[in-house]
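Structure below is model33.cif: mmCIF, C-alpha atoms and all ligand atoms.
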data_upload
#
loop_
_atom_site.label_atom_id
_atom_site.label_comp_id
_atom_site.auth_asym_id
_atom_site.auth_seq_id
_atom_site.Cartn_x
_atom_site.Cartn_y
_atom_site.Cartn_z
CA MET A 15 88.94 86.43 86.37
CA THR A 16 86.71 86.76 89.41
CA PHE A 17 86.67 84.46 92.42
CA GLN A 18 83.66 85.96 94.17
CA SER A 19 81.47 82.84 94.13
CA LEU A 20 84.26 80.37 94.99
CA PRO A 21 83.51 78.99 98.51
CA LYS A 22 86.11 80.31 100.95
CA ILE A 23 87.41 79.79 104.49
CA GLU A 24 88.75 82.78 106.43
CA LEU A 25 90.76 82.26 109.63
CA HIS A 26 92.07 85.75 110.45
CA LEU A 27 89.54 88.56 110.79
CA HIS A 28 89.26 91.15 113.56
CA LEU A 29 85.56 91.78 114.14
CA GLU A 30 85.90 95.53 114.71
CA GLY A 31 88.36 95.69 111.80
CA GLY A 32 85.72 94.23 109.50
CA ALA A 33 83.24 97.04 110.23
CA PRO A 34 81.91 98.41 106.92
CA PRO A 35 82.34 102.22 106.84
CA ALA A 36 78.63 102.77 106.10
CA PHE A 37 77.75 100.78 109.22
CA ILE A 38 80.12 102.84 111.40
CA ALA A 39 78.85 106.09 109.84
CA GLY A 40 75.27 105.03 110.66
CA LEU A 41 76.11 104.22 114.28
CA ALA A 42 77.95 107.54 114.62
CA ARG A 43 74.84 109.40 113.37
CA GLU A 44 72.58 107.56 115.82
CA LYS A 45 74.90 108.31 118.73
CA ARG A 46 75.70 111.85 117.57
CA ILE A 47 79.45 111.12 117.45
CA ASP A 48 81.33 113.34 114.98
CA LEU A 49 83.40 111.06 112.73
CA SER A 50 83.32 113.31 109.66
CA GLY A 51 87.13 113.33 109.36
CA ILE A 52 87.55 109.57 108.86
CA PHE A 53 85.59 109.11 105.62
CA ASP A 54 86.34 110.25 102.06
CA ALA A 55 83.80 111.58 99.56
CA GLN A 56 82.88 107.99 98.56
CA GLY A 57 82.23 107.05 102.20
CA ASN A 58 85.36 104.87 102.58
CA TYR A 59 87.83 105.14 105.45
CA THR A 60 90.63 107.59 104.64
CA TYR A 61 94.01 108.39 106.24
CA ARG A 62 97.32 110.09 105.51
CA ASP A 63 99.77 107.55 106.95
CA PHE A 64 100.09 104.61 109.36
CA ASP A 65 99.73 106.68 112.54
CA HIS A 66 96.65 108.34 111.16
CA PHE A 67 95.29 104.92 110.15
CA LEU A 68 95.51 103.83 113.82
CA LYS A 69 93.63 106.98 114.88
CA VAL A 70 90.90 106.38 112.29
CA TYR A 71 90.56 102.76 113.44
CA GLU A 72 90.25 103.86 117.07
CA ALA A 73 87.76 106.59 116.17
CA ALA A 74 85.60 104.08 114.28
CA CYS A 75 85.68 101.76 117.32
CA THR A 76 84.37 104.50 119.64
CA THR A 77 80.92 103.93 118.12
CA LEU A 78 80.90 100.30 119.36
CA GLN A 79 79.70 100.68 122.93
CA THR A 80 77.11 98.03 123.78
CA PRO A 81 76.32 94.33 123.19
CA GLU A 82 73.60 95.43 120.76
CA ASP A 83 76.20 97.42 118.76
CA PHE A 84 78.32 94.25 118.53
CA ARG A 85 75.29 92.18 117.50
CA ARG A 86 74.66 94.56 114.61
CA LEU A 87 78.40 94.75 113.82
CA THR A 88 78.61 90.96 113.58
CA LEU A 89 75.71 90.85 111.11
CA ALA A 90 77.19 93.67 109.01
CA VAL A 91 80.62 91.98 108.87
CA LEU A 92 79.20 88.55 108.03
CA GLU A 93 76.99 90.01 105.31
CA GLU A 94 80.13 91.36 103.63
CA SER A 95 81.98 88.04 104.08
CA ALA A 96 79.08 85.98 102.74
CA ALA A 97 78.83 88.28 99.70
CA ASN A 98 82.44 87.32 98.93
CA GLY A 99 81.79 83.59 99.09
CA VAL A 100 83.05 83.00 102.63
CA VAL A 101 81.25 79.96 104.09
CA TYR A 102 83.25 79.69 107.33
CA SER A 103 84.99 82.42 109.25
CA GLU A 104 86.87 82.79 112.50
CA THR A 105 86.96 86.20 114.14
CA PHE A 106 89.12 87.70 116.86
CA LEU A 107 87.22 89.10 119.83
CA SER A 108 88.69 90.92 122.77
CA PRO A 109 87.11 91.10 126.24
CA ASP A 110 89.12 94.34 126.66
CA PHE A 111 86.93 95.97 123.99
CA CYS A 112 83.75 94.14 125.06
CA GLY A 113 83.10 95.15 128.64
CA GLY A 114 86.62 96.15 129.69
CA GLY A 115 87.66 92.66 130.84
CA ASP A 116 84.70 92.18 133.21
CA LEU A 117 83.51 88.56 132.93
CA ALA A 118 79.78 89.27 133.38
CA ALA A 119 79.90 92.06 130.79
CA TRP A 120 81.92 89.86 128.42
CA ARG A 121 79.21 87.18 128.66
CA ASP A 122 76.61 89.78 127.61
CA TYR A 123 78.65 90.90 124.59
CA LEU A 124 79.37 87.32 123.66
CA ALA A 125 75.69 86.34 123.84
CA ALA A 126 74.85 89.19 121.45
CA ILE A 127 77.64 88.25 119.02
CA GLN A 128 76.66 84.59 119.11
CA ASP A 129 73.02 85.50 118.54
CA ALA A 130 74.05 87.37 115.38
CA ALA A 131 76.26 84.48 114.27
CA GLU A 132 73.32 82.07 114.57
CA GLU A 133 71.10 84.44 112.59
CA ALA A 134 73.77 84.75 109.89
CA GLU A 135 74.10 80.98 109.68
CA ARG A 136 70.35 80.67 109.15
CA THR A 137 69.93 83.53 106.69
CA MET A 138 73.29 83.79 104.88
CA GLY A 139 74.72 80.27 105.14
CA ILE A 140 77.95 81.44 106.79
CA THR A 141 79.34 79.84 109.96
CA LEU A 142 81.31 81.89 112.50
CA ARG A 143 83.56 80.84 115.39
CA GLY A 144 85.28 83.15 117.89
CA ILE A 145 88.89 83.36 119.03
CA VAL A 146 89.47 85.43 122.17
CA THR A 147 92.52 87.65 121.89
CA CYS A 148 94.50 89.39 124.55
CA ILE A 149 96.01 92.73 123.48
CA ARG A 150 99.77 92.59 123.62
CA HIS A 151 100.43 96.24 124.42
CA PHE A 152 98.01 96.11 127.36
CA GLY A 153 100.62 93.89 129.06
CA PRO A 154 100.82 90.37 130.57
CA GLU A 155 98.56 91.07 133.57
CA GLN A 156 95.66 92.25 131.40
CA ALA A 157 96.29 89.25 129.14
CA LYS A 158 95.51 86.96 132.08
CA THR A 159 92.08 88.59 132.40
CA ALA A 160 91.41 87.94 128.71
CA ALA A 161 92.58 84.33 129.10
CA MET A 162 90.30 83.89 132.11
CA CYS A 163 87.33 85.26 130.12
CA ALA A 164 88.23 82.88 127.28
CA ALA A 165 88.54 79.87 129.58
CA GLU A 166 85.20 80.65 131.28
CA THR A 167 83.33 80.94 127.98
CA ARG A 168 84.97 78.14 126.00
CA GLY A 169 82.35 76.18 124.08
CA ASP A 170 80.92 75.54 120.63
CA PHE A 171 81.44 79.18 119.67
CA ILE A 172 84.59 80.30 121.53
CA THR A 173 87.11 77.72 120.42
CA GLY A 174 90.47 79.51 120.40
CA PHE A 175 92.78 81.94 122.14
CA GLY A 176 95.35 84.27 120.64
CA MET A 177 97.17 87.57 120.91
CA ALA A 178 96.84 90.72 118.80
CA GLY A 179 98.11 94.26 119.32
CA ALA A 180 101.52 95.90 118.93
CA GLU A 181 103.97 93.09 118.14
CA LYS A 182 107.08 94.98 119.18
CA VAL A 183 105.90 95.21 122.82
CA GLY A 184 107.35 92.55 125.17
CA ARG A 185 108.43 89.01 124.36
CA PRO A 186 106.21 85.94 123.87
CA LYS A 187 107.36 84.29 127.12
CA ASP A 188 105.85 87.22 129.07
CA TYR A 189 102.44 85.92 128.00
CA ALA A 190 103.07 82.18 128.49
CA TYR A 191 100.94 82.02 131.65
CA SER A 192 97.85 83.23 129.77
CA PHE A 193 98.40 80.86 126.85
CA ASP A 194 98.90 77.92 129.23
CA MET A 195 95.65 78.82 131.03
CA ALA A 196 93.78 78.92 127.71
CA ARG A 197 95.33 75.67 126.48
CA GLU A 198 94.44 73.88 129.72
CA ALA A 199 90.84 75.04 129.28
CA GLY A 200 90.80 73.23 125.93
CA LEU A 201 91.18 76.25 123.66
CA ARG A 202 93.16 76.01 120.42
CA ILE A 203 96.07 78.44 120.09
CA THR A 204 97.10 81.02 117.48
CA CYS A 205 99.23 84.14 117.89
CA HIS A 206 100.17 87.17 115.78
CA ALA A 207 103.93 87.08 115.06
CA GLY A 208 106.23 87.94 112.19
CA GLU A 209 104.11 90.76 110.80
CA TRP A 210 106.24 93.60 112.25
CA GLY A 211 108.62 91.41 114.27
CA GLY A 212 111.42 89.46 112.62
CA PRO A 213 112.00 85.71 112.37
CA ASP A 214 113.29 85.72 115.98
CA MET A 215 109.81 86.77 117.11
CA VAL A 216 108.25 83.90 115.16
CA ALA A 217 110.78 81.43 116.59
CA ASP A 218 110.24 82.64 120.19
CA THR A 219 106.46 82.51 119.74
CA ILE A 220 106.68 78.89 118.60
CA ARG A 221 109.03 77.97 121.46
CA ASP A 222 107.23 79.80 124.28
CA LEU A 223 103.54 79.75 123.27
CA ALA A 224 103.37 76.59 121.10
CA PRO A 225 100.67 77.83 118.67
CA GLU A 226 99.10 75.58 116.04
CA ARG A 227 98.71 78.64 113.82
CA ILE A 228 100.53 81.94 113.50
CA GLY A 229 98.85 85.19 112.50
CA HIS A 230 100.85 86.55 109.52
CA GLY A 231 104.26 84.89 110.15
CA VAL A 232 105.49 86.23 106.82
CA ASN A 233 108.78 87.59 108.20
CA ALA A 234 109.85 83.98 108.82
CA ILE A 235 110.97 84.16 105.18
CA HIS A 236 114.15 85.94 106.33
CA ASP A 237 115.35 82.74 108.07
CA LEU A 238 115.03 79.74 105.75
CA ALA A 239 115.97 77.22 108.48
CA LEU A 240 113.00 78.55 110.46
CA VAL A 241 110.80 78.22 107.36
CA ASP A 242 111.83 74.55 107.15
CA ARG A 243 110.97 74.04 110.84
CA ILE A 244 107.53 75.64 110.37
CA ALA A 245 106.88 73.40 107.36
CA GLU A 246 108.01 70.25 109.19
CA ALA A 247 105.94 71.08 112.29
CA GLY A 248 102.88 71.69 110.11
CA ILE A 249 102.24 75.09 111.71
CA VAL A 250 99.68 76.98 109.64
CA LEU A 251 100.22 80.63 108.69
CA GLU A 252 97.19 82.94 108.57
CA VAL A 253 98.56 85.14 105.80
CA CYS A 254 96.86 88.47 105.03
CA PRO A 255 98.64 89.70 101.89
CA GLY A 256 96.47 92.76 101.22
CA SER A 257 96.95 93.96 104.79
CA ASN A 258 100.73 93.50 104.53
CA VAL A 259 100.94 95.33 101.20
CA PHE A 260 98.68 98.16 102.35
CA LEU A 261 100.50 98.74 105.65
CA GLY A 262 103.95 98.17 104.16
CA ALA A 263 104.80 95.17 106.34
CA THR A 264 106.09 93.47 103.16
CA GLY A 265 106.86 94.62 99.64
CA GLY A 266 104.22 94.75 96.91
CA TRP A 267 101.99 91.91 95.72
CA ARG A 268 104.59 90.36 93.39
CA ASP A 269 107.19 90.40 96.17
CA HIS A 270 104.88 89.04 98.85
CA PRO A 271 106.45 86.03 100.67
CA ILE A 272 103.29 83.89 100.55
CA ALA A 273 104.29 82.23 97.27
CA GLU A 274 107.83 81.36 98.45
CA LEU A 275 106.55 80.10 101.81
CA HIS A 276 104.10 77.86 99.96
CA ARG A 277 106.79 76.65 97.58
CA ARG A 278 108.91 75.68 100.58
CA GLY A 279 106.14 73.50 101.99
CA VAL A 280 104.61 75.82 104.59
CA LYS A 281 100.84 75.49 105.09
CA VAL A 282 99.62 78.95 104.10
CA THR A 283 96.06 80.28 104.15
CA VAL A 284 94.56 83.59 102.95
CA SER A 285 92.63 86.11 105.07
CA THR A 286 91.79 89.83 105.09
CA ASP A 287 92.65 91.00 108.68
CA ASP A 288 90.68 94.33 108.68
CA PRO A 289 89.25 94.34 105.13
CA PRO A 290 87.48 97.72 104.66
CA PHE A 291 90.41 99.54 106.27
CA PHE A 292 92.74 98.06 103.63
CA GLY A 293 90.34 98.38 100.72
CA THR A 294 90.15 94.61 100.34
CA THR A 295 87.76 91.65 100.45
CA MET A 296 88.37 87.91 100.26
CA SER A 297 87.53 88.05 96.54
CA THR A 298 90.04 90.86 96.03
CA GLU A 299 92.76 88.88 97.85
CA TYR A 300 92.24 85.92 95.49
CA GLU A 301 92.14 88.21 92.47
CA MET A 302 95.42 89.92 93.43
CA LEU A 303 97.14 86.58 94.18
CA HIS A 304 95.97 85.33 90.79
CA ARG A 305 97.50 88.37 89.11
CA ALA A 306 100.75 88.25 91.11
CA PHE A 307 101.45 84.49 91.02
CA ASP A 308 99.02 83.10 88.46
CA TRP A 309 97.32 81.08 91.22
CA ASP A 310 94.18 79.48 89.79
CA GLU A 311 90.94 78.07 91.15
CA GLY A 312 92.53 74.67 91.84
CA MET A 313 95.22 76.35 93.96
CA PHE A 314 92.63 78.29 95.95
CA ARG A 315 90.59 75.13 96.52
CA ASP A 316 93.74 73.48 97.92
CA LEU A 317 94.39 76.44 100.22
CA ASN A 318 90.82 76.31 101.49
CA THR A 319 91.21 72.62 102.30
CA VAL A 320 94.33 73.49 104.33
CA ALA A 321 92.40 76.29 106.07
CA LEU A 322 89.46 74.04 106.95
CA ASP A 323 91.84 71.41 108.38
CA ALA A 324 93.34 74.16 110.56
CA ALA A 325 89.97 75.61 111.63
CA PHE A 326 89.24 75.65 115.36
CA CYS A 327 85.77 74.05 115.03
CA ASP A 328 84.48 70.62 116.02
CA ALA A 329 84.54 67.65 113.66
CA ALA A 330 80.82 67.78 112.82
CA THR A 331 81.09 71.43 111.75
CA ARG A 332 84.23 70.66 109.73
CA ASP A 333 82.45 67.83 107.88
CA ARG A 334 79.47 70.07 107.12
CA ILE A 335 81.71 72.88 105.78
CA ALA A 336 83.79 70.42 103.73
CA LYS A 337 80.66 69.64 101.69
CA LEU A 338 80.18 73.35 100.98
CA LEU A 339 83.76 73.61 99.69
CA GLU A 340 82.97 71.01 97.03
CA ALA A 341 80.34 73.31 95.51
ZN ZN B 1 95.47 90.54 112.63
#
Translate this structure into structure tokens?
Amino acid sequence: MTFQSLPKIELHLHLEGGAPPAFIAGLAREKRIDLSGIFDAQGNYTYRDFDHFLKVYEAACTTLQTPEDFRRLTLAVLEESAANGVVYSETFLSPDFCGGGDLAAWRDYLAAIQDAAEEAERTMGITLRGIVTCIRHFGPEQAKTAAMCAAETRGDFITGFGMAGAEKVGRPKDYAYSFDMAREAGLRITCHAGEWGGPDMVADTIRDLAPERIGHGVNAIHDLALVDRIAEAGIVLEVCPGSNVFLGATGGWRDHPIAELHRRGVKVTVSTDDPPFFGTTMSTEYEMLHRAFDWDEGMFRDLNTVALDAAFCDAATRDRIAKLLEA
């Protein structure tokens, strides 16, 4: 069974993490950067273990140096998404990686990314919105700079604020100032939690940062009272099963908590996180969930309705995308 043509919504995708290996290899050739060690004979990313994976990811990102690089990256990522039936996507963007936190530089990067998003909407029929993320392991002070950049560029395209990076660094309350600043600017809130951290990290994130959505959140499964609270509050989980299985954040596909979370009434959605790095696509995620839990097309249509309800876009965009989901 293939789900490639089924219209899909994706809420959790890191733009740099979506970079197709052939695109990165091409940029490296143009810029004469030696990345020969990060690809296998088939041209895919390759690594020995988790630490090496992080090094390969960082090495790939060294090719992304200018707004024009990000314009081309955005088109390459959206081409891949559209080929897998994605009609609406939200991507994480970090001012730290786009101009080093300088507001004027960030505006230049953002203009290039938005330009590509508009082109993709015209030519591929996929709609993109951006969520600015601070990077947790860069610390609370740097997070304020990201929040300021987010607040200053909030609009039709930048609609949300969140936090990515190493989850074990610091506690959510350390970043509350930045999240409050973003919320007051009218941005919608999501935050990575419960991927590497335990249920306590999910609970503290909900208490101190009040997100509407949580990136991953799967480790909430180890505290069923917390699972009930998440379900009752209607907090949406951006679950990335292939990422979790690949990196070992959870057990294998058949043991993945997404099915139990759903059974317990939690609003779950399906995304890819950093797809080519984990050998996945949105179609592959659906295929693997079908094999693991016998989820069928009707189930995936329901999950996409949940995802669209939780999308950080305006009502007119939501109505337009809803029609595409009926196809
Ligand atoms: Zn992520």
Given all atoms listed in the file as the basis, pick out the residue of A:Gly144, A:Gly211, A:Gly231, A:Pro34 nearest to Leu275 in chain A.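 Looking only at the distances to Leu275 in chain A, the closest residue turns out to be A:Gly231.
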Go through the chains and note each residue within 9 Å of ligand ZN 1 (chain B), using only C-alpha atoms and all ligand atoms, then give the set as a PyMOL selection string. chain A and resi 26-28+31+106+177-179+206+209+229-230+252+254+257+286-288
So the first atom is CA of Ala199 in chain A and the second is CA of Trp120 in chain A; what is the distance between them in Å, to one decimal place?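 CA of Trp120 in chain A lies at a distance of 17.3 Å from CA of Ala199 in chain A.
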By how many Å are CA of Arg185 in chain A and CA of Thr204 in chain A apart? 15.5 Å
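The smallest atom-to-atom distance between Phe175 in chain A and any of A:Ala273, A:Leu107, A:Ile47, A:Ala119, using only C-alpha atoms, is found for A:Leu107.
Relative to CA of Gly312 in chain A, CA of Leu20 in chain A is found at 10.5 Å.
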Please report as a Markdown table every residue of range 190-223 of chain A lying within 12 Å of range 150-169 of chain A, along with the nearest atom pair and their distance in Å (one decimal), using only C-alpha atoms.
| residue | atom | partner | partner_atom | distance |
| --- | --- | --- | --- | --- |
| A:Ala190 | CA | A:Pro154 | CA | 8.7 |
| A:Tyr191 | CA | A:Lys158 | CA | 7.4 |
| A:Ser192 | CA | A:Lys158 | CA | 5.0 |
| A:Phe193 | CA | A:Ala161 | CA | 7.1 |
| A:Asp194 | CA | A:Ala161 | CA | 9.0 |
| A:Met195 | CA | A:Ala161 | CA | 6.6 |
| A:Ala196 | CA | A:Ala165 | CA | 5.6 |
| A:Arg197 | CA | A:Ala165 | CA | 8.6 |
| A:Glu198 | CA | A:Ala165 | CA | 8.4 |
| A:Ala199 | CA | A:Ala165 | CA | 5.4 |
| A:Gly200 | CA | A:Arg168 | CA | 7.6 |
| A:Leu201 | CA | A:Arg168 | CA | 6.9 |
| A:Arg202 | CA | A:Arg168 | CA | 10.1 |
| A:Ile203 | CA | A:Ala161 | CA | 11.3 |
| A:Cys205 | CA | A:Arg150 | CA | 10.2 |
| A:His206 | CA | A:Arg150 | CA | 9.5 |
| A:Ala207 | CA | A:Arg150 | CA | 11.0 |
Between A:Val320, A:Leu303, A:Cys327, A:Ile228, which residue has the minimum interatomic distance to Phe171 in chain A, considering all atoms listed in the file?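 Going through A:Val320, A:Leu303, A:Cys327, A:Ile228 one by one, the smallest distance to Phe171 in chain A is for A:Cys327.
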Report as a VMD selection string all protein, DNA and RNA residues lying within 10 Å of Leu25 in chain A, evaluated on all atoms listed in the file, omitting residues in the same chain fewer than 4 positions from it. chain A and resid 102 to 106 142 to 145 227 229 251 to 254 283 to 287 321 to 322 324 to 326
Around (84.4, 76.9, 105.4), as given in the file, which residues come within 10 Å? Count all atoms listed in the file and list them as a count of residues only. 29
